[in-house]
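S.K.: Data: query-v1.tsv, TSV, C-alpha atoms (C1' of nucleotides).
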chain	number	residue	atom	x	y	z
A	186	MET	CA	-46.00	16.22	4.91
A	187	ILE	CA	-42.35	16.14	5.99
A	188	THR	CA	-42.26	16.09	9.78
A	189	ASP	CA	-38.49	15.63	10.18
A	190	ALA	CA	-36.32	16.42	7.14
A	191	ARG	CA	-33.14	15.18	8.87
A	192	VAL	CA	-34.41	11.62	8.60
A	193	LEU	CA	-34.27	11.84	4.81
A	194	GLN	CA	-30.64	12.97	4.74
A	195	ASP	CA	-27.75	10.61	3.94
A	196	GLU	CA	-25.87	11.45	7.13
A	197	PHE	CA	-28.85	10.70	9.42
A	198	LEU	CA	-27.91	8.09	12.00
A	199	PRO	CA	-31.02	5.99	12.72
A	200	PRO	CA	-31.84	5.02	16.30
A	201	GLU	CA	-32.07	1.39	15.18
A	202	VAL	CA	-30.50	-0.37	12.23
A	203	GLU	CA	-32.16	-3.29	10.49
A	204	HIS	CA	-30.77	-6.13	8.37
A	205	ARG	CA	-27.20	-5.60	9.42
A	206	ASP	CA	-27.19	-7.52	12.72
A	207	GLN	CA	-24.36	-9.82	11.69
A	208	GLU	CA	-22.18	-6.93	10.51
A	209	ILE	CA	-22.90	-4.92	13.68
A	210	ASN	CA	-22.10	-7.93	15.87
A	211	GLU	CA	-18.84	-8.55	14.05
A	212	LEU	CA	-17.79	-4.94	14.34
A	213	SER	CA	-18.85	-4.82	17.99
A	214	ARG	CA	-16.66	-7.85	18.69
A	215	ALA	CA	-13.72	-6.13	17.02
A	216	LEU	CA	-14.24	-3.04	19.19
A	217	GLN	CA	-14.98	-4.94	22.40
A	218	PRO	CA	-11.41	-4.81	23.80
A	219	ILE	CA	-11.85	-1.04	24.18
A	220	GLU	CA	-14.37	-1.77	26.96
A	221	TYR	CA	-11.50	-3.38	28.89
A	222	GLY	CA	-9.08	-0.57	28.23
A	223	GLU	CA	-7.29	-2.37	25.40
A	224	SER	CA	-6.91	-1.57	21.70
A	225	ALA	CA	-9.56	-2.85	19.33
A	226	GLU	CA	-8.90	-5.12	16.38
A	227	THR	CA	-8.43	-3.19	13.18
A	228	ALA	CA	-11.68	-3.65	11.26
A	229	PHE	CA	-12.15	-3.42	7.51
A	230	LEU	CA	-15.61	-2.73	6.10
A	231	PHE	CA	-15.85	-3.67	2.42
A	232	GLY	CA	-18.75	-3.36	0.02
A	233	PRO	CA	-20.25	-1.25	-2.77
A	234	SER	CA	-21.62	2.22	-2.09
A	235	GLY	CA	-25.01	2.52	-0.42
A	236	VAL	CA	-24.83	-0.69	1.60
A	237	GLY	CA	-24.50	1.00	4.98
A	238	LYS	CA	-20.77	0.72	5.75
A	239	SER	CA	-20.35	4.25	7.12
A	240	CYS	CA	-23.72	4.09	8.86
A	241	ILE	CA	-22.84	0.82	10.62
A	242	ALA	CA	-19.45	2.16	11.66
A	243	ARG	CA	-21.05	5.25	13.21
A	244	PHE	CA	-23.94	3.28	14.70
A	245	THR	CA	-21.64	0.70	16.33
A	246	LEU	CA	-19.45	3.48	17.62
A	247	SER	CA	-22.45	5.22	19.19
A	248	LYS	CA	-23.38	1.95	20.94
A	249	LEU	CA	-19.81	1.57	22.17
A	250	ARG	CA	-19.92	5.09	23.58
A	251	GLU	CA	-22.98	4.10	25.59
A	252	GLU	CA	-20.72	1.54	27.30
A	253	VAL	CA	-17.50	3.54	27.31
A	254	SER	CA	-18.45	7.19	27.28
A	255	THR	CA	-14.84	8.33	27.45
A	256	VAL	CA	-13.80	6.82	24.12
A	257	ARG	CA	-12.86	9.51	21.62
A	258	TYR	CA	-13.32	9.18	17.90
A	259	GLU	CA	-12.81	10.94	14.59
A	260	TYR	CA	-14.39	10.27	11.21
A	261	ILE	CA	-12.19	11.18	8.25
A	262	ASN	CA	-13.12	10.93	4.59
A	263	CYS	CA	-9.92	10.16	2.68
A	264	TRP	CA	-11.29	11.56	-0.57
A	265	GLN	CA	-11.19	15.01	1.03
A	266	ASN	CA	-8.11	14.24	3.14
A	267	HIS	CA	-5.98	12.04	0.91
A	268	SER	CA	-2.51	12.97	2.15
A	269	SER	CA	-0.85	11.68	5.30
A	270	PHE	CA	-0.42	15.25	6.44
A	271	SER	CA	-4.10	16.13	6.21
A	272	VAL	CA	-5.14	12.89	7.95
A	273	LEU	CA	-2.74	13.63	10.81
A	274	ARG	CA	-3.97	17.21	10.97
A	275	GLU	CA	-7.60	16.07	11.24
A	276	LEU	CA	-6.72	13.48	13.88
A	277	LEU	CA	-5.00	16.07	16.04
A	278	ARG	CA	-7.88	18.48	15.55
A	279	GLY	CA	-10.18	15.71	16.70
A	280	LEU	CA	-8.16	15.48	19.88
A	281	GLY	CA	-8.38	19.23	20.30
A	282	ASP	CA	-4.59	19.29	20.31
A	283	SER	CA	-3.30	22.71	21.20
A	284	ILE	CA	-0.56	22.54	18.61
A	285	GLU	CA	-0.75	25.31	16.03
A	286	ILE	CA	-1.53	23.48	12.81
A	287	HIS	CA	-0.81	25.50	9.69
A	288	ARG	CA	-1.26	24.00	6.29
A	289	GLN	CA	2.25	24.60	5.01
A	290	SER	CA	4.45	25.18	7.97
A	291	THR	CA	4.09	22.26	10.35
A	292	PRO	CA	6.33	19.32	9.52
A	293	LYS	CA	4.47	16.08	9.17
A	294	ASP	CA	6.92	14.39	11.53
A	295	LEU	CA	5.97	16.83	14.25
A	296	LEU	CA	2.28	15.99	13.83
A	297	LEU	CA	3.12	12.30	13.96
A	298	GLU	CA	5.18	12.80	17.08
A	299	ARG	CA	2.31	14.63	18.76
A	300	LEU	CA	-0.04	11.80	17.91
A	301	ARG	CA	2.40	9.20	19.26
A	302	GLU	CA	2.71	11.20	22.46
A	303	TYR	CA	-1.06	11.04	22.95
A	304	GLU	CA	-1.80	9.26	26.22
A	305	GLY	CA	-5.44	10.17	26.76
A	306	GLU	CA	-8.60	8.11	26.44
A	307	HIS	CA	-8.85	5.51	23.69
A	308	TYR	CA	-9.05	7.10	20.24
A	309	LEU	CA	-11.08	5.34	17.54
A	310	VAL	CA	-10.37	6.48	14.00
A	311	ILE	CA	-12.78	5.83	11.13
A	312	LEU	CA	-11.09	6.25	7.76
A	313	ASP	CA	-13.72	6.23	5.02
A	314	GLU	CA	-12.70	5.72	1.38
A	315	VAL	CA	-9.31	4.68	2.75
A	316	ASP	CA	-8.23	3.42	-0.68
A	317	GLN	CA	-8.00	7.08	-1.69
A	318	LEU	CA	-5.00	7.66	0.58
A	319	GLU	CA	-1.94	8.59	-1.44
A	320	ASN	CA	0.46	7.07	1.05
A	321	MET	CA	-0.66	4.02	2.99
A	322	SER	CA	2.24	4.26	5.43
A	323	ILE	CA	0.05	6.41	7.67
A	324	LEU	CA	-1.94	3.22	8.38
A	325	TYR	CA	1.19	1.58	9.74
A	326	GLU	CA	1.85	4.57	11.97
A	327	LEU	CA	-1.70	4.48	13.32
A	328	TYR	CA	-1.59	0.71	13.67
A	329	THR	CA	1.50	0.89	15.84
A	330	SER	CA	0.32	3.87	17.91
A	331	GLN	CA	-0.78	3.26	21.47
A	332	ASN	CA	-4.39	3.98	22.35
A	333	ILE	CA	-5.51	4.25	18.72
A	334	SER	CA	-7.77	1.80	16.90
A	335	MET	CA	-8.98	1.93	13.32
A	336	ILE	CA	-12.08	1.17	11.29
A	337	LEU	CA	-11.12	1.25	7.61
A	338	ILE	CA	-13.82	1.55	4.94
A	339	ALA	CA	-13.36	0.82	1.24
A	340	ASN	CA	-15.28	-0.57	-1.70
A	341	ARG	CA	-13.11	-3.50	-2.72
A	342	GLU	CA	-10.66	-5.48	-0.62
A	343	GLU	CA	-8.38	-6.33	-3.54
A	344	ASP	CA	-8.13	-2.69	-4.66
A	345	LEU	CA	-7.01	-1.67	-1.18
A	346	PHE	CA	-4.60	-4.48	-0.38
A	347	ILE	CA	-2.78	-4.13	-3.69
A	348	GLN	CA	-1.70	-0.69	-2.48
A	349	LEU	CA	-0.25	-1.95	0.82
A	350	ASP	CA	3.39	-2.90	1.17
A	351	GLU	CA	4.39	-6.30	2.57
A	352	ARG	CA	4.92	-4.95	6.06
A	353	LEU	CA	1.39	-3.55	6.24
A	354	GLN	CA	-0.15	-6.55	4.51
A	355	SER	CA	1.32	-8.92	7.06
A	356	ARG	CA	0.27	-6.70	9.98
A	357	LEU	CA	-3.26	-6.26	8.68
A	358	HIS	CA	-3.62	-9.80	7.40
A	359	SER	CA	-5.36	-10.99	10.55
A	360	SER	CA	-7.58	-7.90	10.85
A	361	ARG	CA	-11.31	-8.37	10.91
A	362	ARG	CA	-12.91	-8.09	7.48
A	363	ILE	CA	-16.62	-7.40	7.31
A	364	MET	CA	-18.21	-7.76	3.90
A	365	PHE	CA	-21.39	-5.84	3.08
A	366	LYS	CA	-23.72	-7.06	0.34
A	367	ARG	CA	-26.37	-5.08	-1.45
A	368	TYR	CA	-29.76	-4.97	0.28
A	369	HIS	CA	-32.50	-7.22	-1.02
A	370	LEU	CA	-35.76	-5.63	-2.09
A	371	PRO	CA	-37.73	-6.48	1.11
A	372	GLU	CA	-34.83	-5.19	3.26
A	373	LEU	CA	-34.66	-1.92	1.38
A	374	THR	CA	-38.44	-1.56	1.55
A	375	SER	CA	-38.27	-2.07	5.31
A	376	ILE	CA	-35.54	0.58	5.66
A	377	LEU	CA	-37.69	3.00	3.69
A	378	SER	CA	-40.70	2.20	5.91
A	379	ASP	CA	-38.68	3.22	8.95
A	380	ARG	CA	-37.66	6.50	7.35
A	381	VAL	CA	-41.28	7.20	6.44
A	382	ARG	CA	-42.36	6.44	10.01
A	383	TRP	CA	-39.73	8.76	11.48
A	384	GLY	CA	-39.86	11.61	8.99
A	385	LEU	CA	-43.20	11.76	7.14
A	386	GLU	CA	-46.83	12.10	8.09
A	387	GLU	CA	-48.80	8.89	8.33
A	388	GLY	CA	-50.40	7.59	5.14
A	389	VAL	CA	-48.54	9.78	2.64
A	390	ILE	CA	-47.01	6.83	0.81
A	391	LYS	CA	-48.18	3.26	0.22
A	392	GLN	CA	-46.28	0.01	0.64
A	393	ASP	CA	-46.28	-0.79	-3.09
A	394	GLN	CA	-44.83	2.65	-3.77
A	395	LEU	CA	-41.98	1.96	-1.33
A	396	GLU	CA	-41.36	-1.29	-3.20
A	397	LEU	CA	-41.23	0.68	-6.44
A	398	ILE	CA	-38.55	2.94	-4.94
A	399	ALA	CA	-36.62	-0.03	-3.54
A	400	ASP	CA	-36.74	-1.76	-6.89
A	401	ALA	CA	-35.42	1.34	-8.69
A	402	ALA	CA	-32.58	1.69	-6.17
A	403	ALA	CA	-31.30	-1.84	-6.92
A	404	GLY	CA	-29.92	-2.56	-3.45
A	405	ASP	CA	-28.46	0.91	-2.86
A	406	ALA	CA	-29.95	2.41	0.32
A	407	ARG	CA	-28.46	5.85	-0.36
A	408	LYS	CA	-30.19	5.94	-3.71
A	409	ALA	CA	-33.47	4.64	-2.27
A	410	ILE	CA	-33.51	7.30	0.46
A	411	GLY	CA	-32.60	9.90	-2.16
A	412	ILE	CA	-35.62	8.94	-4.28
A	413	LEU	CA	-37.86	9.03	-1.21
A	414	ARG	CA	-36.47	12.44	-0.23
A	415	SER	CA	-36.89	13.87	-3.71
A	416	SER	CA	-40.43	12.47	-4.00
A	417	ALA	CA	-41.47	13.86	-0.61
A	418	TRP	CA	-40.19	17.33	-1.43
A	419	MET	CA	-41.84	17.33	-4.86
A	420	ALA	CA	-45.16	16.24	-3.35
A	421	GLN	CA	-44.90	18.81	-0.57
A	422	GLU	CA	-44.10	21.63	-3.01
A	423	SER	CA	-47.02	20.65	-5.25
A	424	GLY	CA	-49.36	20.92	-2.24
A	425	SER	CA	-50.40	17.32	-2.58
A	426	GLY	CA	-51.30	15.46	0.59
A	427	THR	CA	-49.76	12.22	-0.63
A	428	ILE	CA	-46.85	11.05	-2.77
A	429	SER	CA	-48.15	9.81	-6.12
A	430	THR	CA	-46.58	7.05	-8.18
A	431	GLU	CA	-46.08	9.56	-10.97
A	432	ILE	CA	-44.01	11.78	-8.68
A	433	ILE	CA	-41.90	8.77	-7.67
A	434	ARG	CA	-41.31	7.84	-11.29
A	435	ASP	CA	-40.24	11.43	-12.00
A	436	SER	CA	-37.92	11.42	-8.99
A	437	ILE	CA	-35.96	8.32	-10.01
A	438	PRO	CA	-33.99	9.97	-12.85
A	439	ASP	CA	-33.77	13.22	-10.84
A	440	THR	CA	-32.09	11.35	-7.98
A	441	GLU	CA	-29.62	9.71	-10.34
A	442	VAL	CA	-28.77	13.16	-11.72
A	443	GLU	CA	-28.45	14.51	-8.17
A	444	LEU	CA	-26.09	11.70	-7.08
A	445	ARG	CA	-24.05	12.14	-10.24
A	446	GLN	CA	-23.91	15.89	-9.70
A	447	LYS	CA	-22.63	15.37	-6.15
A	448	ASN	CA	-19.73	13.33	-7.50
A	449	ARG	CA	-19.22	15.86	-10.28
A	450	ASP	CA	-18.99	18.75	-7.81
A	451	ARG	CA	-15.98	17.07	-6.25
A	452	LEU	CA	-14.05	17.40	-9.52
A	453	THR	CA	-11.69	20.21	-10.46
A	454	SER	CA	-12.38	22.42	-13.47
A	455	ASP	CA	-10.00	20.36	-15.68
A	456	GLN	CA	-11.63	17.11	-14.56
A	457	GLN	CA	-15.09	18.50	-15.32
A	458	THR	CA	-13.92	19.50	-18.80
A	459	LEU	CA	-12.69	15.95	-19.43
A	460	LEU	CA	-15.99	14.54	-18.22
A	461	SER	CA	-17.96	16.89	-20.46
A	462	ILE	CA	-15.92	15.82	-23.51
A	463	ILE	CA	-16.45	12.12	-22.72
A	464	GLU	CA	-20.19	12.72	-22.31
A	465	GLU	CA	-20.41	14.70	-25.55
A	466	GLU	CA	-18.38	12.19	-27.57
A	467	GLY	CA	-20.14	9.18	-26.07
A	468	GLY	CA	-16.93	7.18	-26.33
A	469	VAL	CA	-13.46	8.54	-26.99
A	470	SER	CA	-9.89	7.21	-27.23
A	471	PRO	CA	-7.29	8.59	-24.79
A	472	GLY	CA	-5.38	10.40	-27.53
A	473	THR	CA	-8.43	12.10	-29.00
A	474	LEU	CA	-9.66	12.96	-25.51
A	475	TYR	CA	-6.39	14.69	-24.70
A	476	ASP	CA	-6.39	16.61	-28.01
A	477	LEU	CA	-9.97	17.83	-27.43
A	478	TYR	CA	-9.12	18.75	-23.84
A	479	CYS	CA	-6.11	20.83	-24.99
A	480	GLU	CA	-8.33	22.67	-27.50
A	481	ARG	CA	-10.90	23.49	-24.83
A	482	VAL	CA	-8.78	24.84	-21.96
A	483	ASP	CA	-6.36	27.76	-21.90
A	484	GLU	CA	-3.66	26.05	-19.85
A	485	PRO	CA	-3.93	22.29	-20.32
A	486	LYS	CA	-2.28	19.95	-17.86
A	487	SER	CA	0.17	17.28	-19.05
A	488	ASP	CA	-1.10	14.00	-20.50
A	489	ARG	CA	0.25	12.22	-17.41
A	490	MET	CA	-1.82	14.46	-15.17
A	491	VAL	CA	-4.88	13.77	-17.31
A	492	ARG	CA	-4.28	10.04	-16.81
A	493	ASN	CA	-4.27	10.62	-13.06
A	494	TYR	CA	-7.55	12.53	-13.35
A	495	LEU	CA	-9.14	9.77	-15.44
A	496	SER	CA	-8.02	7.14	-12.97
A	497	LYS	CA	-9.72	9.00	-10.16
A	498	MET	CA	-12.88	9.60	-12.19
A	499	ARG	CA	-13.06	5.90	-13.01
A	500	HIS	CA	-12.81	5.09	-9.33
A	501	TYR	CA	-15.90	7.16	-8.68
A	502	ASN	CA	-17.85	5.64	-11.56
A	503	LEU	CA	-18.06	8.91	-13.45
A	504	VAL	CA	-16.34	7.40	-16.45
A	505	GLU	CA	-15.86	3.89	-17.66
A	506	ALA	CA	-12.82	2.53	-19.52
A	507	LYS	CA	-13.30	-0.34	-21.94
A	508	GLY	CA	-10.38	-2.15	-23.56
A	509	GLU	CA	-6.70	-2.08	-22.65
A	510	LYS	CA	-3.68	-0.27	-24.03
A	511	ARG	CA	-4.23	0.86	-27.60
A	512	SER	CA	-7.82	-0.30	-27.72
A	513	ARG	CA	-8.78	1.74	-24.64
A	514	VAL	CA	-11.95	3.86	-25.00
A	515	TYR	CA	-13.48	6.07	-22.29
A	516	TYR	CA	-17.26	6.19	-21.92
A	517	PRO	CA	-19.52	8.11	-19.57
A	518	SER	CA	-20.85	5.84	-16.80
B	280	DG	C1'	9.10	-12.35	-35.62
B	281	DG	C1'	10.52	-7.49	-35.48
B	282	DT	C1'	9.36	-2.77	-35.11
B	283	DC	C1'	6.50	1.05	-34.19
B	284	DC	C1'	3.17	3.35	-31.62
B	285	DA	C1'	-0.37	4.35	-28.10
B	286	DC	C1'	-1.30	3.86	-23.58
B	287	DA	C1'	-0.96	3.08	-18.33
B	288	DG	C1'	1.21	3.99	-14.35
B	289	DG	C1'	5.47	4.37	-11.04
B	290	DA	C1'	9.19	7.33	-9.43
B	291	DA	C1'	11.52	11.39	-8.92
B	292	DA	C1'	12.20	16.15	-9.59
B	293	DG	C1'	10.39	20.75	-10.20
B	294	DA	C1'	6.89	24.34	-9.43
B	295	DT	C1'	3.70	26.48	-6.55
B	296	DA	C1'	1.35	28.26	-2.59
B	297	DG	C1'	1.04	29.88	1.91
B	298	DG	C1'	2.45	30.65	6.61
B	299	DG	C1'	6.60	31.60	9.67
B	300	DT	C1'	10.74	34.15	10.85
B	301	DC	C1'	13.81	37.79	10.92
C	63	DG	C1'	9.58	42.57	2.41
C	64	DA	C1'	12.84	38.88	1.59
C	65	DC	C1'	13.77	34.47	2.52
C	66	DC	C1'	12.81	29.83	4.44
C	67	DC	C1'	10.17	25.73	5.06
C	68	DT	C1'	6.87	22.37	3.90
C	69	DA	C1'	2.81	20.13	1.73
C	70	DT	C1'	0.69	19.71	-2.46
C	71	DC	C1'	0.31	19.76	-7.28
C	72	DT	C1'	2.32	18.98	-11.71
C	73	DT	C1'	5.66	17.58	-15.05
C	74	DT	C1'	9.23	14.71	-16.84
C	75	DC	C1'	11.23	10.49	-17.55
C	76	DC	C1'	10.91	5.88	-17.74
C	77	DT	C1'	9.32	0.93	-18.15
C	78	DG	C1'	6.06	-2.46	-19.45
C	79	DT	C1'	2.29	-4.02	-22.32
C	80	DG	C1'	-0.23	-5.10	-26.31
C	81	DG	C1'	-2.24	-4.08	-30.92
C	82	DA	C1'	-1.12	-2.84	-35.80
C	83	DC	C1'	1.66	-3.23	-39.52
C	84	DC	C1'	5.29	-5.02	-42.46
Please lay out the structure from this file as structure tokens.

M.R.:
Amino acid sequence: MITDARVLQDEFLPPEVEHRDQEINELSRALQPIEYGESAETAFLFGPSGVGKSCIARFTLSKLREEVSTVRYEYINCWQNHSSFSVLRELLRGLGDSIEIHRQSTPKDLLLERLREYEGEHYLVILDEVDQLENMSILYELYTSQNISMILIANREEDLFIQLDERLQSRLHSSRRIMFKRYHLPELTSILSDRVRWGLEEGVIKQDQLELIADAAAGDARKAIGILRSSAWMAQESGSGTISTEIIRDSIPDTEVELRQKNRDRLTSDQQTLLSIIEEEGGVSPGTLYDLYCERVDEPKSDRMVRNYLSKMRHYNLVEAKGEKRSRVYYPS
DNA sequence: GGTCCACAGGAAAGATAGGGTC
DNA sequence: GACCCTATCTTTCCTGTGGACC
């Protein structure tokens, strides 16, 4: 049934992208100066998860490389690399810099100096989840570096810009902002049709079943492809020649659990304990949450640290906070 | 209106971990 | 092996805010 499993993976880069022509054109225009040996405009891609921001960035970059094969690039996820040091380290690795990079023994300034000294081919940096950076000053350093251009990806413009100092805000004020909206049902259905065409045998799923998946995904392409992937595997394992509606209906909650589990796996042990308490309690005040957390772990972190954890978990929609100050209650998302 | 208390979040200092140097 | 250096993690201290109570 599955002829090419890669097509059903999140990181698959399709040969053609539909329903994002305007966004691709805008990003292409921002990157166009690279074709003439100049720096590109800094481009911001904003929008909720699953609307194709990372995909469009990578797709547009691949098209650019067809024109300018020498352009170098690096994709960095700032959730995994949230310090300036680790971003610089990844950037230099991307350049294949011969400098010995050790986690604890290479001064950040030295890494920055090496990057500034870079005089090779144009270097395009994609910083995904850029709002997760602990220190935004690295953006200023990259902005002012020769031969380096940036594509910055985040969910909400206001959440990102509130973290920038005046110097960065004024520099980035005129940058190109590209807003991504959720896919409409026909668009999502069409995206799924392409994936079916590229990765599944003909006739295994009907059009109305794709619409059912698209409807359940509510504009989120990542979720829609996840449901399709889960359904295809379930059908294949059951030995069925086609994907039944029943299998799709079963896959919808499974996919939600899978996506949630992916986010959960990124949490530390203390963060997972906090999440478990919130899920068990259904809704819990900060004080009670901290008391329960202290009872459950051998070496509890400080309440301030727990607030940091909760802030991060809220950002990733694992928990929800309702009310302010003393009326604050945490709920599972 | 004044006071207390719970809470959020910024800033700075301390603790820790891991690789380098001698 | 002891010490140094540095990034990262964590704690402490602090300020501001707003609800509850008198």

S.K.: Give me, please, the distance in Å between atom CA of A:Asp206 and atom CA of A:Lys248, quoted to one decimal.

M.R.: 13.1 Å

S.K.: Would you give me, as a VMD selection string, the residues of chain A that come within 12 Å of chain C, using only C-alpha atoms (C1' of nucleotides)?

M.R.: chain A and resid 266 to 271 274 287 to 295 319 485 to 491 493 to 494 508 to 513

S.K.: Residues of chain B that have any atom at most 12 Å from an atom of chain A: could you tabulate them with the shortest-distance atom pair and the distance in Å to one decimal, using only C-alpha atoms (C1' of nucleotides), ordered by chain and increasing number, as a tab-separated table?

M.R.:
residue	atom	partner	partner_atom	distance
B:DC284	C1'	A:Arg511	CA	8.8
B:DA285	C1'	A:Arg511	CA	5.2
B:DC286	C1'	A:Lys510	CA	4.8
B:DA287	C1'	A:Lys510	CA	7.1
B:DG288	C1'	A:Arg492	CA	8.5
B:DG289	C1'	A:Arg489	CA	11.4
B:DT295	C1'	A:Gln289	CA	11.8
B:DA296	C1'	A:Gln289	CA	8.5
B:DG297	C1'	A:Gln289	CA	6.2
B:DG298	C1'	A:Ser290	CA	6.0
B:DG299	C1'	A:Ser290	CA	7.0
B:DT300	C1'	A:Ser290	CA	11.3

S.K.: For stretch 416-431 of chain A, work out the shell of residues within 6 Å, counting only C-alpha atoms (C1' of nucleotides) and skipping chain neighbours fewer than 3 positions away, then give it as a PyMOL selection string.

M.R.: chain A and resi 389-390+412-413+434+436

S.K.: Quote the spacing between atom CA of A:Thr329 and atom CA of A:Gly237 in Å to one decimal place.

M.R.: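 Computed distance, atom CA of A:Thr329 to atom CA of A:Gly237, equals 28.2 Å.
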
S.K.: Suppose you want the space between atom CA of A:Ile323 and atom C1' of B:DG293; what is it in Å?

M.R.: 25.1 Å

S.K.: Counting all atoms listed in the file, select every polymer residue within 6 Å of (-10.7, 6.7, 17.2) as defined in the file's coordinates, and provide the selection as number ranges by chain.

M.R.: A: 257-259, 308-310, 333-334
